[in-house]
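Step one of this worksheet: look at the structure below.
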Amino acid sequence: MQRISNFTQYVYNILGRKGLVERSLTSNVPLSKILIKDCNNFDLVRLICACMVIYGHAFAVAPELGKEELIYKLTGFYAGAIAVKVFFFLSGLLVTNSLIEKKSLIHFFMARFFRIWPALILVLLFSVFVIGPVLTTLDLNTYLSSPNTYLYIKNQILMKCMLIRGLGYTDLPGLFTQNPFKDTVNVPLWTLPVEVGAYIFLGAIFCLKLLEKRIAIFLFIIIILDSILPQRIFILFLPQGNDNFSYLPFCFSVGVLMAIYKENLFLSMREPIGFFLLFLLFSNTEYAKYFFYLSVFTGIIYFFTCKPVLRLKPSSDISYGVYLWGWPMQQILVSTYPNMGVLGNQVFGTSLAMIFGYFSWHLIEKRSIKLGKKLANWVCNTRDPAQATKSLKTKRIQTGRLD
């Protein structure tokens, strides 16, 4: 262990001299400071993860004989699977931190609604009324008169798409029927019902005043253990025996607990290294994956809060848009250019998704987030006129208008 410690320090010294890290191995910065928006680059993490999903999906959407994921060869984990787990961890961390800071259920649910649904509705409408009519194998009248065309929008908005295959859920009439991955319009949407369910659960325990440290640690440790057990006994609404679902409560719960204990957590490079060593030690067991993800999560918090990485902060948060648009763009490419191959699908699919994600952010998402904040403030002020008067006075003082 001493050799490992010396090697770690040696690597750190090299990185430090090259300006790649700015903090010590045993950081004195609590997680609460790291969670301040300007002190982390989690927007870049989410964007990388959205691109990883497209990268991984290309092997299923545009399969080529002998082509296999490099990330899977190196780690034993698929790129898309890693990305989704990171999404849920960061979601648990950041959303819980926001709920703790604002202590407002109205702000919480307004923020979640206006963050998820407006961009989702945009991609659904575009898929149904632009992609569908152009690429469907049916004639236009048949396509537009089919009840399944509109049922697709309804079921996706109501989050009924989880693990349900068939027209009206994940398919549109006559669309992508000749593609290698047939019919399915937008596979990544399966994660949204799980995420919304996690938000509802978090809001429920906040209402019941169970988001206190002593109670929350007991509750979320139960959820973590329930995820690890071969047969779940608590989270029964998720499909059994499916790794895509099984690890999500674990990832979200880890983020929640870290947010609750943010004042007491001082994460450094030791934690990701330690969890990775445990992953190697337990590599032949069912528990190895949990240590791997813990290594990834803590590593992200450390490396994406270093000063050089902060300078790479994206000017627009397009990650959600890239995630929503990636699969439809990949399916369009396969339908239009069937011989493009994996690499072409990855490059052009990512490029198109980023373009659509950029417009989604600036035209829909950014404005929706602002609207959600205004509506939440209006509802809160309507319920509490005294607080509204106080807020108005504070605003006048800040702007210099004392009349």
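Going through the structure tokens in order, the chains are called A, B, and so on, while each chain numbers its residues from 1 and the ligands are numbered from 1 in the order shown.
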For stretch 30-39 of chain A, list every protein, DNA or RNA residue within 8 Å, evaluated using only C-alpha atoms, and leave out those in the same chain fewer than 2 positions away; present the list as a PyMOL selection string. chain A and resi 27-28+41+94+97+259+262-267+305+310
Those same residues, written as a PDB file, in the first residue's frame with N, CA and C atoms?
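out-v7.pdb written:
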ATOM      1  N   SER A  27      -7.789  17.092  -0.297  1.00  0.00           N
ATOM      2  CA  SER A  27      -8.346  18.425  -0.509  1.00  0.00           C
ATOM      3  C   SER A  27      -9.014  18.957   0.749  1.00  0.00           C
ATOM      4  N   ASN A  28      -8.861  20.261   0.983  1.00  0.00           N
ATOM      5  CA  ASN A  28      -9.515  20.919   2.105  1.00  0.00           C
ATOM      6  C   ASN A  28     -10.797  21.630   1.668  1.00  0.00           C
ATOM      7  N   ASN A  41     -17.437  21.905 -13.304  1.00  0.00           N
ATOM      8  CA  ASN A  41     -17.718  21.867 -14.738  1.00  0.00           C
ATOM      9  C   ASN A  41     -18.567  20.637 -15.064  1.00  0.00           C
ATOM     10  N   LEU A  94     -27.091  17.075  -7.658  1.00  0.00           N
ATOM     11  CA  LEU A  94     -27.417  18.479  -7.912  1.00  0.00           C
ATOM     12  C   LEU A  94     -28.859  18.818  -7.557  1.00  0.00           C
ATOM     13  N   ASN A  97     -29.201  18.884  -3.768  1.00  0.00           N
ATOM     14  CA  ASN A  97     -28.561  20.101  -3.265  1.00  0.00           C
ATOM     15  C   ASN A  97     -29.463  21.315  -3.472  1.00  0.00           C
ATOM     16  N   ALA A 259     -24.989  14.885  -1.376  1.00  0.00           N
ATOM     17  CA  ALA A 259     -25.535  16.239  -1.247  1.00  0.00           C
ATOM     18  C   ALA A 259     -25.936  16.534   0.194  1.00  0.00           C
ATOM     19  N   LYS A 262     -22.792  17.193   2.273  1.00  0.00           N
ATOM     20  CA  LYS A 262     -21.837  17.995   1.513  1.00  0.00           C
ATOM     21  C   LYS A 262     -20.879  18.800   2.389  1.00  0.00           C
ATOM     22  N   GLU A 263     -21.310  19.188   3.572  1.00  0.00           N
ATOM     23  CA  GLU A 263     -20.437  19.966   4.468  1.00  0.00           C
ATOM     24  C   GLU A 263     -19.349  19.094   5.096  1.00  0.00           C
ATOM     25  N   ASN A 264     -19.573  17.791   5.118  1.00  0.00           N
ATOM     26  CA  ASN A 264     -18.637  16.886   5.793  1.00  0.00           C
ATOM     27  C   ASN A 264     -17.763  16.096   4.828  1.00  0.00           C
ATOM     28  N   LEU A 265     -17.982  16.279   3.530  1.00  0.00           N
ATOM     29  CA  LEU A 265     -17.223  15.534   2.534  1.00  0.00           C
ATOM     30  C   LEU A 265     -16.111  16.389   1.944  1.00  0.00           C
ATOM     31  N   PHE A 266     -14.880  15.880   2.022  1.00  0.00           N
ATOM     32  CA  PHE A 266     -13.717  16.549   1.450  1.00  0.00           C
ATOM     33  C   PHE A 266     -13.064  15.560   0.481  1.00  0.00           C
ATOM     34  N   LEU A 267     -13.535  15.583  -0.757  1.00  0.00           N
ATOM     35  CA  LEU A 267     -13.093  14.581  -1.722  1.00  0.00           C
ATOM     36  C   LEU A 267     -11.777  14.987  -2.380  1.00  0.00           C
ATOM     37  N   THR A 305     -13.452  19.648 -11.170  1.00  0.00           N
ATOM     38  CA  THR A 305     -13.435  20.863 -10.361  1.00  0.00           C
ATOM     39  C   THR A 305     -12.033  21.461 -10.299  1.00  0.00           C
ATOM     40  N   LEU A 310     -12.051  23.819 -15.397  1.00  0.00           N
ATOM     41  CA  LEU A 310     -13.078  24.849 -15.292  1.00  0.00           C
ATOM     42  C   LEU A 310     -13.013  25.830 -16.458  1.00  0.00           C
TER      43      LEU A 310
END
Sorted by chain and rising residue number, which residues of stretch 37-108 of chain A lie within 8 Å of stretch 189-211 of chain A, and what are their closest atom pairs and distances in Å to one decimal, counting only C-alpha atoms, as CSV?
residue,atom,partner,partner_atom,distance
A:Phe88,CA,A:Glu195,CA,7.4
A:Thr96,CA,A:Leu202,CA,7.7
A:Leu105,CA,A:Gly203,CA,6.8
A:Phe108,CA,A:Gly203,CA,7.8
Keeping only N, CA and C atoms, write those residues as a PDB file, in the first residue's frame.
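Listed below is the output, part-v1.pdb:
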ATOM      1  N   PHE A  88     -27.479   9.872 -13.662  1.00  0.00           N
ATOM      2  CA  PHE A  88     -28.319   9.684 -12.478  1.00  0.00           C
ATOM      3  C   PHE A  88     -27.581  10.089 -11.207  1.00  0.00           C
ATOM      4  N   THR A  96     -30.823  17.261  -5.354  1.00  0.00           N
ATOM      5  CA  THR A  96     -30.965  17.237  -3.895  1.00  0.00           C
ATOM      6  C   THR A  96     -30.352  18.480  -3.271  1.00  0.00           C
ATOM      7  N   LEU A 105     -40.780  23.032  -2.222  1.00  0.00           N
ATOM      8  CA  LEU A 105     -41.276  21.970  -3.090  1.00  0.00           C
ATOM      9  C   LEU A 105     -41.795  22.542  -4.411  1.00  0.00           C
ATOM     10  N   PHE A 108     -38.898  23.216  -6.595  1.00  0.00           N
ATOM     11  CA  PHE A 108     -38.316  21.929  -6.978  1.00  0.00           C
ATOM     12  C   PHE A 108     -39.054  21.329  -8.167  1.00  0.00           C
TER      13      PHE A 108
END
From a DSSP calculation on the backbone, collect every residue of stretch 145-376 of chain A in helix (DSSP H, G or I) and output the set as a PyMOL selection string. chain A and resi 145+147-157+187-207+213-228+243-246+248-260+270-281+288-303+307-310+319-336+341-376
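Considering only C-alpha atoms, the residue among A:Thr298, A:Leu280, A:Tyr78, A:Val256 positioned nearest to A:Ala60 is A:Tyr78.
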Neighbour list for A:Arg46 as a list in words, cut-off 10 Å, only C-alpha atoms, skip fewer than 5 positions in-chain: Asn41, Cys51, Met52, Ala83, Val84, Val86, Phe87, Leu90, Asp317, Ile318, Ser319, Tyr320, Val322 and Tyr323 of chain A
Would you output that residue set with C-alpha atoms, as a CSV table (one decimal), in the first residue's frame?
chain,number,residue,atom,x,y,z
A,41,ASN,CA,-17.7,21.9,-14.7
A,51,CYS,CA,-21.8,12.0,-26.7
A,52,MET,CA,-20.8,8.7,-25.1
A,83,ALA,CA,-23.0,7.7,-19.2
A,84,VAL,CA,-26.5,6.9,-17.9
A,86,VAL,CA,-23.2,9.3,-14.3
A,87,PHE,CA,-26.4,11.2,-15.4
A,90,LEU,CA,-25.2,13.9,-11.0
A,317,ASP,CA,-25.8,23.6,-21.6
A,318,ILE,CA,-26.7,21.5,-24.6
A,319,SER,CA,-26.2,18.1,-23.0
A,320,TYR,CA,-29.9,17.3,-22.5
A,322,VAL,CA,-27.8,16.2,-27.4
A,323,TYR,CA,-29.2,13.3,-25.4
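With only C-alpha atoms as the basis for measurement, A:Ile260 is the residue among A:Ile215, A:Val29, A:Ile301, A:Ile260 that approaches A:Ser98 most closely.
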List the neighbours of A:Phe113 out to 10 Å using only C-alpha atoms; skip same-chain residues closer than 6 positions along the sequence, and give me the result as a PDB file with N, CA and C atoms, in the first residue's frame.
ATOM      1  N   HIS A 107     -40.653  25.281  -6.030  1.00  0.00           N
ATOM      2  CA  HIS A 107     -39.492  25.543  -6.871  1.00  0.00           C
ATOM      3  C   HIS A 107     -38.901  24.235  -7.421  1.00  0.00           C
ATOM      4  N   VAL A 196     -37.909  10.773 -13.488  1.00  0.00           N
ATOM      5  CA  VAL A 196     -39.068  11.469 -12.927  1.00  0.00           C
ATOM      6  C   VAL A 196     -39.542  10.756 -11.664  1.00  0.00           C
ATOM      7  N   SER A 368     -37.422  28.169 -21.055  1.00  0.00           N
ATOM      8  CA  SER A 368     -38.333  27.399 -20.188  1.00  0.00           C
ATOM      9  C   SER A 368     -37.857  27.414 -18.742  1.00  0.00           C
ATOM     10  N   ILE A 369     -36.555  27.301 -18.544  1.00  0.00           N
ATOM     11  CA  ILE A 369     -36.000  27.332 -17.189  1.00  0.00           C
ATOM     12  C   ILE A 369     -36.307  28.669 -16.524  1.00  0.00           C
ATOM     13  N   GLY A 372     -39.962  28.801 -15.664  1.00  0.00           N
ATOM     14  CA  GLY A 372     -40.240  27.991 -14.479  1.00  0.00           C
ATOM     15  C   GLY A 372     -39.889  28.714 -13.192  1.00  0.00           C
TER      16      GLY A 372
END
